[in-house]
file entry_10.tsv (TSV, N, CA and C atoms)
chain	number	residue	atom	x	y	z
Q	41	MET	N	9.23	16.64	0.84
Q	41	MET	CA	9.10	16.53	-0.60
Q	41	MET	C	7.78	17.20	-1.00
Q	42	SER	N	7.88	18.05	-1.98
Q	42	SER	CA	6.70	18.76	-2.43
Q	42	SER	C	6.04	18.04	-3.59
Q	43	GLY	N	4.79	18.39	-3.86
Q	43	GLY	CA	4.10	17.84	-5.01
Q	43	GLY	C	4.80	18.19	-6.31
Q	44	GLY	N	5.47	19.35	-6.32
Q	44	GLY	CA	6.23	19.76	-7.51
Q	44	GLY	C	7.39	18.82	-7.80
Q	45	GLU	N	8.05	18.34	-6.73
Q	45	GLU	CA	9.16	17.39	-6.93
Q	45	GLU	C	8.64	16.08	-7.51
Q	46	ILE	N	7.52	15.61	-7.02
Q	46	ILE	CA	6.95	14.38	-7.56
Q	46	ILE	C	6.58	14.58	-9.02
Q	47	GLU	N	5.97	15.72	-9.35
Q	47	GLU	CA	5.61	16.01	-10.74
Q	47	GLU	C	6.85	16.07	-11.63
Q	48	THR	N	7.93	16.66	-11.12
Q	48	THR	CA	9.18	16.75	-11.90
Q	48	THR	C	9.72	15.36	-12.19
Q	49	TRP	N	9.82	14.51	-11.17
Q	49	TRP	CA	10.33	13.16	-11.37
Q	49	TRP	C	9.39	12.34	-12.22
Q	50	GLN	N	8.08	12.56	-12.09
Q	50	GLN	CA	7.12	11.85	-12.94
Q	50	GLN	C	7.34	12.24	-14.41
Q	51	SER	N	7.63	13.50	-14.66
Q	51	SER	CA	7.87	13.91	-16.06
Q	51	SER	C	9.12	13.23	-16.62
Q	52	TYR	N	10.13	13.00	-15.79
Q	52	TYR	CA	11.33	12.27	-16.25
Q	52	TYR	C	10.98	10.82	-16.56
Q	53	ILE	N	10.20	10.19	-15.69
Q	53	ILE	CA	9.77	8.81	-15.91
Q	53	ILE	C	8.96	8.71	-17.21
Q	54	ASP	N	8.08	9.69	-17.44
Q	54	ASP	CA	7.18	9.65	-18.58
Q	54	ASP	C	7.86	9.94	-19.92
Q	55	ILE	N	9.13	10.31	-19.91
Q	55	ILE	CA	9.85	10.53	-21.17
Q	55	ILE	C	9.96	9.23	-21.96
Q	56	SER	N	10.12	8.12	-21.26
Q	56	SER	CA	10.34	6.83	-21.90
Q	56	SER	C	9.03	6.13	-22.23
Q	57	PRO	N	8.84	5.72	-23.49
Q	57	PRO	CA	7.62	4.96	-23.84
Q	57	PRO	C	7.49	3.67	-23.02
Q	58	PHE	N	8.59	2.96	-22.76
Q	58	PHE	CA	8.53	1.73	-21.96
Q	58	PHE	C	8.06	2.02	-20.55
Q	59	GLN	N	8.58	3.05	-19.94
Q	59	GLN	CA	8.20	3.41	-18.58
Q	59	GLN	C	6.74	3.86	-18.53
Q	60	ARG	N	6.29	4.57	-19.56
Q	60	ARG	CA	4.87	4.94	-19.62
Q	60	ARG	C	4.01	3.70	-19.76
Q	61	TRP	N	4.45	2.73	-20.61
Q	61	TRP	CA	3.69	1.50	-20.81
Q	61	TRP	C	3.58	0.72	-19.50
Q	62	LEU	N	4.65	0.70	-18.70
Q	62	LEU	CA	4.60	0.04	-17.41
Q	62	LEU	C	3.61	0.72	-16.47
Q	63	GLY	N	3.35	2.01	-16.70
Q	63	GLY	CA	2.42	2.75	-15.86
Q	63	GLY	C	3.03	3.17	-14.53
Q	64	LEU	N	4.33	3.45	-14.53
Q	64	LEU	CA	5.02	3.80	-13.29
Q	64	LEU	C	4.56	5.16	-12.77
Q	65	LYS	N	4.34	5.22	-11.47
Q	65	LYS	CA	3.93	6.46	-10.80
Q	65	LYS	C	4.90	6.76	-9.67
Q	66	VAL	N	5.45	7.95	-9.67
Q	66	VAL	CA	6.36	8.37	-8.59
Q	66	VAL	C	5.51	8.66	-7.36
Q	67	GLU	N	5.81	7.94	-6.28
Q	67	GLU	CA	5.10	8.12	-5.02
Q	67	GLU	C	5.90	8.96	-4.03
Q	68	GLU	N	7.22	8.81	-4.05
Q	68	GLU	CA	8.11	9.57	-3.18
Q	68	GLU	C	9.42	9.81	-3.93
Q	69	ALA	N	10.03	10.95	-3.65
Q	69	ALA	CA	11.35	11.25	-4.21
Q	69	ALA	C	12.11	12.12	-3.22
Q	70	GLY	N	13.36	11.80	-3.02
Q	70	GLY	CA	14.22	12.57	-2.15
Q	70	GLY	C	15.65	12.30	-2.53
Q	71	GLU	N	16.57	12.97	-1.92
Q	71	GLU	CA	17.99	12.81	-2.23
Q	71	GLU	C	18.40	11.35	-2.04
Q	72	GLY	N	18.70	10.67	-3.14
Q	72	GLY	CA	19.16	9.29	-3.08
Q	72	GLY	C	18.08	8.26	-2.82
Q	73	ARG	N	16.81	8.63	-2.95
Q	73	ARG	CA	15.70	7.71	-2.67
Q	73	ARG	C	14.56	7.99	-3.63
Q	74	LEU	N	13.94	6.90	-4.10
Q	74	LEU	CA	12.79	7.04	-4.98
Q	74	LEU	C	11.85	5.85	-4.74
Q	75	VAL	N	10.56	6.13	-4.72
Q	75	VAL	CA	9.55	5.08	-4.59
Q	75	VAL	C	8.63	5.18	-5.81
Q	76	LEU	N	8.54	4.06	-6.54
Q	76	LEU	CA	7.67	3.97	-7.71
Q	76	LEU	C	6.53	3.01	-7.43
Q	77	GLY	N	5.35	3.36	-7.86
Q	77	GLY	CA	4.20	2.48	-7.75
Q	77	GLY	C	3.80	1.99	-9.13
Q	78	MET	N	3.22	0.80	-9.16
Q	78	MET	CA	2.75	0.25	-10.43
Q	78	MET	C	1.49	-0.57	-10.18
Q	79	ALA	N	0.46	-0.30	-10.95
Q	79	ALA	CA	-0.80	-1.04	-10.83
Q	79	ALA	C	-0.67	-2.41	-11.49
Q	80	TRP	N	-1.46	-3.35	-11.01
Q	80	TRP	CA	-1.51	-4.68	-11.59
Q	80	TRP	C	-2.25	-4.61	-12.93
Q	81	ARG	N	-1.69	-5.30	-13.92
Q	81	ARG	CA	-2.35	-5.40	-15.23
Q	81	ARG	C	-2.18	-6.82	-15.75
Q	82	GLU	N	-3.21	-7.37	-16.36
Q	82	GLU	CA	-3.18	-8.75	-16.85
Q	82	GLU	C	-2.09	-8.98	-17.88
Q	83	GLU	N	-1.77	-8.00	-18.70
Q	83	GLU	CA	-0.75	-8.22	-19.73
Q	83	GLU	C	0.67	-8.37	-19.17
Q	84	LEU	N	0.85	-8.19	-17.88
Q	84	LEU	CA	2.15	-8.40	-17.23
Q	84	LEU	C	2.31	-9.82	-16.71
Q	85	VAL	N	1.27	-10.64	-16.84
Q	85	VAL	CA	1.28	-12.01	-16.36
Q	85	VAL	C	2.09	-12.89	-17.31
Q	86	SER	N	2.99	-13.70	-16.75
Q	86	SER	CA	3.77	-14.62	-17.58
Q	86	SER	C	3.17	-16.03	-17.59
Q	87	ASN	N	2.48	-16.40	-16.52
Q	87	ASN	CA	1.89	-17.73	-16.43
Q	87	ASN	C	0.41	-17.58	-16.09
Q	88	PRO	N	-0.47	-17.85	-17.05
Q	88	PRO	CA	-1.90	-17.66	-16.78
Q	88	PRO	C	-2.46	-18.63	-15.74
Q	89	HIS	N	-1.76	-19.72	-15.48
Q	89	HIS	CA	-2.25	-20.69	-14.49
Q	89	HIS	C	-2.01	-20.20	-13.07
Q	90	THR	N	-0.87	-19.56	-12.84
Q	90	THR	CA	-0.55	-19.06	-11.50
Q	90	THR	C	-0.86	-17.57	-11.35
Q	91	LYS	N	-1.15	-16.92	-12.48
Q	91	LYS	CA	-1.43	-15.47	-12.48
Q	91	LYS	C	-0.29	-14.68	-11.86
Q	92	SER	N	0.95	-15.07	-12.16
Q	92	SER	CA	2.10	-14.35	-11.59
Q	92	SER	C	2.73	-13.44	-12.64
Q	93	MET	N	3.22	-12.30	-12.17
Q	93	MET	CA	3.84	-11.30	-13.03
Q	93	MET	C	5.18	-11.82	-13.56
Q	94	HIS	N	5.50	-11.46	-14.77
Q	94	HIS	CA	6.76	-11.86	-15.39
Q	94	HIS	C	7.94	-11.28	-14.60
Q	95	GLY	N	8.95	-12.11	-14.34
Q	95	GLY	CA	10.12	-11.67	-13.59
Q	95	GLY	C	10.88	-10.54	-14.27
Q	96	GLY	N	10.79	-10.46	-15.58
Q	96	GLY	CA	11.46	-9.37	-16.30
Q	96	GLY	C	10.89	-8.00	-15.95
Q	97	VAL	N	9.60	-7.96	-15.64
Q	97	VAL	CA	8.98	-6.70	-15.21
Q	97	VAL	C	9.56	-6.29	-13.86
Q	98	LEU	N	9.68	-7.26	-12.95
Q	98	LEU	CA	10.24	-6.96	-11.63
Q	98	LEU	C	11.71	-6.53	-11.76
Q	99	ALA	N	12.46	-7.20	-12.63
Q	99	ALA	CA	13.86	-6.81	-12.86
Q	99	ALA	C	13.95	-5.40	-13.43
Q	100	SER	N	13.04	-5.07	-14.33
Q	100	SER	CA	13.02	-3.71	-14.90
Q	100	SER	C	12.77	-2.67	-13.82
Q	101	LEU	N	11.86	-2.98	-12.89
Q	101	LEU	CA	11.58	-2.04	-11.80
Q	101	LEU	C	12.79	-1.85	-10.90
Q	102	ILE	N	13.53	-2.93	-10.66
Q	102	ILE	CA	14.74	-2.83	-9.85
Q	102	ILE	C	15.77	-1.95	-10.56
Q	103	ASP	N	15.94	-2.18	-11.84
Q	103	ASP	CA	16.89	-1.39	-12.63
Q	103	ASP	C	16.48	0.08	-12.69
Q	104	LEU	N	15.24	0.34	-13.04
Q	104	LEU	CA	14.78	1.73	-13.18
Q	104	LEU	C	14.73	2.46	-11.85
Q	105	GLY	N	14.26	1.79	-10.81
Q	105	GLY	CA	14.22	2.42	-9.50
Q	105	GLY	C	15.60	2.83	-9.03
Q	106	GLY	N	16.57	1.92	-9.18
Q	106	GLY	CA	17.94	2.24	-8.78
Q	106	GLY	C	18.53	3.37	-9.59
Q	107	LEU	N	18.32	3.33	-10.90
Q	107	LEU	CA	18.84	4.40	-11.77
Q	107	LEU	C	18.28	5.76	-11.36
Q	108	TYR	N	16.98	5.84	-11.18
Q	108	TYR	CA	16.37	7.13	-10.83
Q	108	TYR	C	16.73	7.56	-9.41
Q	109	ALA	N	16.97	6.63	-8.51
Q	109	ALA	CA	17.44	7.00	-7.17
Q	109	ALA	C	18.80	7.69	-7.29
Q	110	VAL	N	19.68	7.16	-8.15
Q	110	VAL	CA	20.98	7.81	-8.39
Q	110	VAL	C	20.77	9.21	-8.98
Q	111	LEU	N	19.84	9.32	-9.92
Q	111	LEU	CA	19.60	10.62	-10.56
Q	111	LEU	C	19.06	11.66	-9.58
Q	112	THR	N	18.37	11.23	-8.51
Q	112	THR	CA	17.86	12.20	-7.53
Q	112	THR	C	18.98	12.93	-6.80
Q	113	THR	N	20.22	12.44	-6.92
Q	113	THR	CA	21.36	13.08	-6.26
Q	113	THR	C	21.96	14.19	-7.12
Q	114	LYS	N	21.32	14.46	-8.26
Q	114	LYS	CA	21.80	15.44	-9.24
Q	114	LYS	C	23.06	14.97	-9.96
Q	115	SER	N	23.32	13.66	-9.90
Q	115	SER	CA	24.40	13.04	-10.65
Q	115	SER	C	23.83	12.55	-11.97
Q	116	VAL	N	24.72	12.23	-12.90
Q	116	VAL	CA	24.27	11.73	-14.19
Q	116	VAL	C	24.82	10.32	-14.40
Q	117	ALA	N	23.92	9.36	-14.48
Q	117	ALA	CA	24.28	7.98	-14.79
Q	117	ALA	C	23.93	7.74	-16.25
Q	118	THR	N	24.82	7.03	-16.97
Q	118	THR	CA	24.62	6.87	-18.41
Q	118	THR	C	24.19	5.46	-18.82
Q	119	ALA	N	24.45	4.45	-18.00
Q	119	ALA	CA	24.11	3.08	-18.37
Q	119	ALA	C	24.15	2.18	-17.15
Q	120	THR	N	23.45	1.06	-17.24
Q	120	THR	CA	23.52	0.03	-16.21
Q	120	THR	C	24.70	-0.87	-16.52
Q	121	VAL	N	25.60	-1.02	-15.55
Q	121	VAL	CA	26.79	-1.85	-15.70
Q	121	VAL	C	26.50	-3.28	-15.23
Q	122	ASP	N	25.73	-3.41	-14.16
Q	122	ASP	CA	25.43	-4.72	-13.60
Q	122	ASP	C	24.09	-4.65	-12.89
Q	123	LEU	N	23.39	-5.77	-12.90
Q	123	LEU	CA	22.09	-5.83	-12.24
Q	123	LEU	C	21.96	-7.20	-11.59
Q	124	ARG	N	21.63	-7.20	-10.32
Q	124	ARG	CA	21.43	-8.43	-9.54
Q	124	ARG	C	19.98	-8.43	-9.08
Q	125	VAL	N	19.27	-9.55	-9.32
Q	125	VAL	CA	17.86	-9.65	-8.92
Q	125	VAL	C	17.66	-10.96	-8.15
Q	126	ASP	N	16.98	-10.87	-7.02
Q	126	ASP	CA	16.56	-12.04	-6.25
Q	126	ASP	C	15.04	-12.02	-6.19
Q	127	TYR	N	14.44	-13.15	-6.55
Q	127	TYR	CA	12.99	-13.30	-6.50
Q	127	TYR	C	12.63	-14.06	-5.23
Q	128	HIS	N	11.74	-13.48	-4.41
Q	128	HIS	CA	11.41	-14.06	-3.11
Q	128	HIS	C	10.04	-14.74	-3.09
Q	129	ARG	N	9.08	-14.19	-3.80
Q	129	ARG	CA	7.75	-14.80	-3.90
Q	129	ARG	C	7.08	-14.22	-5.15
Q	130	PRO	N	6.09	-14.92	-5.69
Q	130	PRO	CA	5.43	-14.43	-6.91
Q	130	PRO	C	4.64	-13.14	-6.66
Q	131	ALA	N	4.67	-12.28	-7.66
Q	131	ALA	CA	3.78	-11.12	-7.67
Q	131	ALA	C	2.52	-11.59	-8.38
Q	132	SER	N	1.45	-11.74	-7.62
Q	132	SER	CA	0.27	-12.40	-8.20
Q	132	SER	C	-1.02	-11.61	-8.03
Q	133	GLY	N	-0.93	-10.32	-8.10
Q	133	GLY	CA	-2.13	-9.50	-8.07
Q	133	GLY	C	-1.97	-8.30	-7.17
Q	134	GLY	N	-2.62	-7.23	-7.51
Q	134	GLY	CA	-2.58	-6.00	-6.72
Q	134	GLY	C	-1.39	-5.13	-7.08
Q	135	PRO	N	-1.44	-3.89	-6.66
Q	135	PRO	CA	-0.36	-2.95	-6.96
Q	135	PRO	C	0.94	-3.34	-6.26
Q	136	ILE	N	2.04	-2.91	-6.86
Q	136	ILE	CA	3.36	-3.15	-6.25
Q	136	ILE	C	4.11	-1.83	-6.15
Q	137	ARG	N	5.11	-1.82	-5.29
Q	137	ARG	CA	5.95	-0.63	-5.09
Q	137	ARG	C	7.41	-1.02	-5.21
Q	138	ALA	N	8.18	-0.17	-5.83
Q	138	ALA	CA	9.64	-0.32	-5.90
Q	138	ALA	C	10.24	0.76	-5.02
Q	139	VAL	N	10.91	0.37	-3.95
Q	139	VAL	CA	11.53	1.30	-3.00
Q	139	VAL	C	13.04	1.22	-3.22
Q	140	SER	N	13.61	2.31	-3.72
Q	140	SER	CA	15.02	2.33	-4.12
Q	140	SER	C	15.81	3.34	-3.31
Q	141	GLN	N	17.06	2.95	-2.98
Q	141	GLN	CA	17.95	3.77	-2.16
Q	141	GLN	C	19.37	3.65	-2.69
Q	142	VAL	N	20.05	4.78	-2.84
Q	142	VAL	CA	21.45	4.76	-3.25
Q	142	VAL	C	22.28	4.16	-2.13
Q	143	ILE	N	23.18	3.26	-2.49
Q	143	ILE	CA	24.11	2.66	-1.54
Q	143	ILE	C	25.44	3.40	-1.57
Q	144	LYS	N	25.94	3.63	-2.78
Q	144	LYS	CA	27.22	4.32	-2.96
Q	144	LYS	C	27.14	5.21	-4.19
Q	145	LEU	N	27.48	6.45	-3.99
Q	145	LEU	CA	27.53	7.40	-5.09
Q	145	LEU	C	29.00	7.63	-5.41
Q	146	GLY	N	29.43	7.22	-6.58
Q	146	GLY	CA	30.84	7.32	-6.95
Q	146	GLY	C	31.04	8.18	-8.18
Q	147	SER	N	32.29	8.44	-8.49
Q	147	SER	CA	32.60	9.25	-9.67
Q	147	SER	C	32.60	8.40	-10.95
Q	148	LYS	N	32.91	7.11	-10.85
Q	148	LYS	CA	32.92	6.22	-12.01
Q	148	LYS	C	31.67	5.34	-12.07
Q	149	VAL	N	31.31	4.74	-10.94
Q	149	VAL	CA	30.09	3.93	-10.85
Q	149	VAL	C	29.38	4.22	-9.53
Q	150	SER	N	28.08	4.03	-9.55
Q	150	SER	CA	27.27	4.18	-8.34
Q	150	SER	C	26.38	2.95	-8.23
Q	151	SER	N	25.92	2.67	-7.01
Q	151	SER	CA	25.06	1.51	-6.81
Q	151	SER	C	23.84	1.89	-5.98
Q	152	ALA	N	22.75	1.16	-6.24
Q	152	ALA	CA	21.50	1.38	-5.52
Q	152	ALA	C	20.80	0.05	-5.31
Q	153	GLU	N	20.09	-0.04	-4.18
Q	153	GLU	CA	19.29	-1.22	-3.84
Q	153	GLU	C	17.82	-0.90	-4.06
Q	154	THR	N	17.07	-1.92	-4.46
Q	154	THR	CA	15.63	-1.77	-4.63
Q	154	THR	C	14.92	-2.98	-4.03
Q	155	GLN	N	13.83	-2.71	-3.34
Q	155	GLN	CA	12.94	-3.76	-2.86
Q	155	GLN	C	11.60	-3.59	-3.56
Q	156	ILE	N	11.07	-4.71	-4.07
Q	156	ILE	CA	9.74	-4.71	-4.67
Q	156	ILE	C	8.79	-5.31	-3.65
Q	157	LEU	N	7.76	-4.54	-3.28
Q	157	LEU	CA	6.82	-4.92	-2.23
Q	157	LEU	C	5.41	-5.01	-2.78
Q	158	ASP	N	4.62	-5.95	-2.24
Q	158	ASP	CA	3.21	-5.99	-2.61
Q	158	ASP	C	2.44	-4.98	-1.75
Q	159	GLU	N	1.12	-4.94	-1.94
Q	159	GLU	CA	0.34	-3.91	-1.23
Q	159	GLU	C	0.29	-4.14	0.28
Q	160	ALA	N	0.61	-5.36	0.74
Q	160	ALA	CA	0.67	-5.65	2.18
Q	160	ALA	C	2.06	-5.42	2.74
Q	161	GLY	N	3.01	-5.01	1.89
Q	161	GLY	CA	4.37	-4.76	2.34
Q	161	GLY	C	5.26	-5.99	2.32
Q	162	LYS	N	4.78	-7.11	1.74
Q	162	LYS	CA	5.60	-8.32	1.65
Q	162	LYS	C	6.62	-8.18	0.53
Q	163	LEU	N	7.83	-8.66	0.80
Q	163	LEU	CA	8.92	-8.59	-0.17
Q	163	LEU	C	8.71	-9.60	-1.29
Q	164	LEU	N	8.62	-9.10	-2.52
Q	164	LEU	CA	8.46	-9.94	-3.69
Q	164	LEU	C	9.80	-10.21	-4.39
Q	165	ALA	N	10.60	-9.17	-4.49
Q	165	ALA	CA	11.91	-9.27	-5.14
Q	165	ALA	C	12.79	-8.15	-4.60
Q	166	SER	N	14.09	-8.36	-4.72
Q	166	SER	CA	15.04	-7.32	-4.32
Q	166	SER	C	16.23	-7.39	-5.25
Q	167	GLY	N	16.98	-6.34	-5.29
Q	167	GLY	CA	18.14	-6.36	-6.15
Q	167	GLY	C	18.99	-5.12	-6.01
Q	168	ARG	N	20.07	-5.15	-6.76
Q	168	ARG	CA	21.05	-4.07	-6.72
Q	168	ARG	C	21.50	-3.78	-8.14
Q	169	GLY	N	21.55	-2.51	-8.47
Q	169	GLY	CA	22.05	-2.07	-9.77
Q	169	GLY	C	23.33	-1.28	-9.59
Q	170	VAL	N	24.22	-1.43	-10.57
Q	170	VAL	CA	25.45	-0.64	-10.63
Q	170	VAL	C	25.36	0.18	-11.91
Q	171	TYR	N	25.60	1.48	-11.80
Q	171	TYR	CA	25.37	2.41	-12.89
Q	171	TYR	C	26.63	3.19	-13.24
Q	172	LEU	N	26.94	3.28	-14.53
Q	172	LEU	CA	28.08	4.03	-15.02
Q	172	LEU	C	27.77	5.51	-14.94
Q	173	MET	N	28.69	6.25	-14.34
Q	173	MET	CA	28.49	7.68	-14.17
Q	173	MET	C	29.12	8.46	-15.32
Q	174	ALA	N	28.52	9.57	-15.67
Q	174	ALA	CA	29.04	10.44	-16.74
Q	174	ALA	C	30.33	11.11	-16.25
Q	175	ASP	N	31.24	11.32	-17.19
Q	175	ASP	CA	32.46	12.08	-16.87
Q	175	ASP	C	32.08	13.51	-16.55
Q	176	LYS	N	32.76	14.07	-15.58
Q	176	LYS	CA	32.46	15.46	-15.20
Q	176	LYS	C	33.22	16.43	-16.04
call {"tool": "encode", "arguments": {"input": "entry_10.tsv", "output": "structure tokens"}}
result
Amino acid sequence: MSGGEIETWQSYIDISPFQRWLGLKVEEAGEGRLVLGMAWREELVSNPHTKSMHGGVLASLIDLGGLYAVLTTKSVATATVDLRVDYHRPASGGPIRAVSQVIKLGSKVSSAETQILDEAGKLLASGRGVYLMADK
């Protein structure tokens, strides 16, 4: 993967104001695989007592990571049909990574898995997205 590929995928991520607000950074991109990084920010905390990140942020990363992993195959996905999220431990500080991989690339729907990891590589959340594919 070249630096140009990362820049290209970063420009796609940066199209969306929400994705820019999240501060997503493309760390790796390849056919059917995408790794996004995100820095810790206090405004992502849902509970100030435990200092844990809101689960909706983690779910968004699972959804977006899976969608963009599908897009790396040069296919066009138009919407999320289904999203499954499992929370394993709180995200409570430090940068996180979303590691996404296509499971099945189909003509009607495609699916991708994402793991959300902390900076030590511990699993924080995981999930699977199903994406509606554009008609050819």
call {"tool": "closest_residue", "arguments": {"input": "entry_10.tsv", "among": "Q:Val85, Q:Ile143, Q:Ile102, Q:Val110", "to": "Ala165 in chain Q", "atoms": "all atoms listed in the file"}}
result
Q:Ile102
call {"tool": "closest_residue", "arguments": {"input": "entry_10.tsv", "among": "Q:Leu64, Q:Val125, Q:Ala131, Q:Ala160", "to": "His94 in chain Q", "atoms": "only N, CA and C atoms"}}
result
Q:Ala131
call {"tool": "select_by_dssp", "arguments": {"input": "entry_10.tsv", "residues": "chain Q", "states": "strand (DSSP E)", "output": "PyMOL selection string"}}
result
chain Q and resi 65-70+73-78+85-87+92-93+117-127+136-144+149-158+163-173
call {"tool": "closest_residue", "arguments": {"input": "entry_10.tsv", "among": "Q:Glu153, Q:Asp103, Q:Glu67, Q:Asp122", "to": "Ile136 in chain Q", "atoms": "only C-alpha atoms"}}
result
Q:Glu67
call {"tool": "atom_distance", "arguments": {"input": "entry_10.tsv", "atom1": "CA of Ala79 in chain Q", "atom2": "atom N of Gly63 in chain Q"}}
result
7.8 Å
call {"tool": "select_by_dssp", "arguments": {"input": "entry_10.tsv", "residues": "chain Q", "states": "helix (DSSP H, G or I)", "output": "JSON, numbers by chain"}}
result
{"Q": [43, 44, 45, 46, 47, 48, 49, 50, 51, 52, 53, 57, 58, 59, 60, 61, 62, 82, 83, 84, 95, 96, 97, 98, 99, 100, 101, 102, 103, 104, 105, 106, 107, 108, 109, 110, 111]}
call {"tool": "axis_aligned_box", "arguments": {"input": "entry_10.tsv", "around": "range 136-155 of chain Q", "padding_each_side": "3 Å", "output": "lines of an AutoDock Vina configuration file"}}
result
center_x = 17.5
center_y = 2.7
center_z = -6.8
size_x = 36.9
size_y = 19.0
size_z = 16.5
call {"tool": "closest_residue", "arguments": {"input": "entry_10.tsv", "among": "Q:Val170, Q:Val142, Q:Ala117, Q:Met93", "to": "Pro130 in chain Q", "atoms": "all atoms listed in the file"}}
result
Q:Met93
call {"tool": "closest_atom_pairs", "arguments": {"input": "entry_10.tsv", "of": "range 86-164 of chain Q", "to": "range 70-78 of chain Q", "cutoff": "10 Å", "atoms": "only C-alpha atoms", "output": "tab-separated table"}}
result
residue	atom	partner	partner_atom	distance
Q:Leu101	CA	Q:Leu76	CA	8.3
Q:Leu104	CA	Q:Leu76	CA	9.2
Q:Gly105	CA	Q:Leu74	CA	6.6
Q:Gly106	CA	Q:Leu74	CA	8.0
Q:Leu107	CA	Q:Leu74	CA	9.5
Q:Tyr108	CA	Q:Leu74	CA	6.9
Q:Ala109	CA	Q:Arg73	CA	4.9
Q:Val110	CA	Q:Gly72	CA	5.8
Q:Leu111	CA	Q:Gly72	CA	7.6
Q:Thr112	CA	Q:Glu71	CA	5.3
Q:Thr113	CA	Q:Glu71	CA	5.3
Q:Lys114	CA	Q:Glu71	CA	8.4
Q:Ser115	CA	Q:Gly72	CA	9.9
Q:Gly134	CA	Q:Met78	CA	9.0
Q:Pro135	CA	Q:Met78	CA	5.7
Q:Ile136	CA	Q:Met78	CA	5.4
Q:Arg137	CA	Q:Gly77	CA	4.5
Q:Ala138	CA	Q:Leu76	CA	5.1
Q:Val139	CA	Q:Val75	CA	4.6
Q:Ser140	CA	Q:Leu74	CA	5.3
Q:Gln141	CA	Q:Arg73	CA	4.6
Q:Val142	CA	Q:Gly72	CA	5.1
Q:Ile143	CA	Q:Gly72	CA	8.4
Q:Lys144	CA	Q:Gly72	CA	9.5
Q:Leu145	CA	Q:Gly72	CA	8.8
Q:Ala152	CA	Q:Gly72	CA	8.6
Q:Glu153	CA	Q:Arg73	CA	9.7
Q:Thr154	CA	Q:Val75	CA	9.2
Q:Gln155	CA	Q:Val75	CA	9.6
Q:Ile156	CA	Q:Leu76	CA	9.4
Q:Leu157	CA	Q:Gly77	CA	9.6
Q:Asp158	CA	Q:Gly77	CA	10.0
Q:Glu159	CA	Q:Gly77	CA	9.9
call {"tool": "closest_residue", "arguments": {"input": "entry_10.tsv", "among": "Q:Met173, Q:Glu45, Q:Ser86, Q:Phe58", "to": "Thr120 in chain Q", "atoms": "only N, CA and C atoms"}}
result
Q:Met173
call {"tool": "closest_residue", "arguments": {"input": "entry_10.tsv", "among": "Q:Ser92, Q:Ser56, Q:Gln50, Q:Asn87", "to": "Ser132 in chain Q", "atoms": "only N, CA and C atoms"}}
result
Q:Ser92
call {"tool": "atom_distance", "arguments": {"input": "entry_10.tsv", "atom1": "CA of Val66 in chain Q", "atom2": "CA of Ile46 in chain Q"}}
result
6.1 Å
call {"tool": "decode", "arguments": {"input": "entry_10.tsv", "residues": "range 75-112 of chain Q", "atoms": "C-alpha atoms", "output": "mmCIF file, in the first residue's frame"}}
result
data_model
loop_
_atom_site.group_PDB
_atom_site.id
_atom_site.type_symbol
_atom_site.label_atom_id
_atom_site.label_comp_id
_atom_site.auth_asym_id
_atom_site.auth_seq_id
_atom_site.Cartn_x
_atom_site.Cartn_y
_atom_site.Cartn_z
ATOM 1 C CA VAL Q 75 -7.761 0.281 9.332
ATOM 2 C CA LEU Q 76 -8.943 3.559 10.848
ATOM 3 C CA GLY Q 77 -7.357 5.295 13.805
ATOM 4 C CA MET Q 78 -9.035 7.736 16.142
ATOM 5 C CA ALA Q 79 -7.527 9.845 18.914
ATOM 6 C CA TRP Q 80 -9.121 10.038 22.351
ATOM 7 C CA ARG Q 81 -11.148 13.198 22.976
ATOM 8 C CA GLU Q 82 -13.059 14.193 26.114
ATOM 9 C CA GLU Q 83 -16.204 15.128 24.174
ATOM 10 C CA LEU Q 84 -16.623 11.442 23.222
ATOM 11 C CA VAL Q 85 -17.096 10.462 26.884
ATOM 12 C CA SER Q 86 -20.616 9.367 27.835
ATOM 13 C CA ASN Q 87 -20.027 8.884 31.566
ATOM 14 C CA PRO Q 88 -17.735 11.394 33.282
ATOM 15 C CA HIS Q 89 -17.408 9.142 36.338
ATOM 16 C CA THR Q 90 -15.958 6.189 34.436
ATOM 17 C CA LYS Q 91 -14.426 8.268 31.625
ATOM 18 C CA SER Q 92 -15.689 5.753 29.054
ATOM 19 C CA MET Q 93 -16.396 6.528 25.407
ATOM 20 C CA HIS Q 94 -20.008 6.518 24.243
ATOM 21 C CA GLY Q 95 -21.003 3.190 22.669
ATOM 22 C CA GLY Q 96 -22.557 5.025 19.726
ATOM 23 C CA VAL Q 97 -19.096 6.234 18.705
ATOM 24 C CA LEU Q 98 -17.818 2.648 18.721
ATOM 25 C CA ALA Q 99 -20.876 1.511 16.731
ATOM 26 C CA SER Q 100 -20.240 4.282 14.201
ATOM 27 C CA LEU Q 101 -16.650 3.100 13.777
ATOM 28 C CA ILE Q 102 -17.850 -0.455 13.168
ATOM 29 C CA ASP Q 103 -20.349 0.767 10.585
ATOM 30 C CA LEU Q 104 -17.955 3.133 8.816
ATOM 31 C CA GLY Q 105 -15.005 0.751 8.878
ATOM 32 C CA GLY Q 106 -17.075 -2.031 7.341
ATOM 33 C CA LEU Q 107 -18.567 0.246 4.702
ATOM 34 C CA TYR Q 108 -15.188 1.573 3.601
ATOM 35 C CA ALA Q 109 -13.676 -1.928 3.601
ATOM 36 C CA VAL Q 110 -16.389 -2.877 1.080
ATOM 37 C CA LEU Q 111 -15.612 0.248 -0.953
ATOM 38 C CA THR Q 112 -11.905 -0.728 -1.172
#
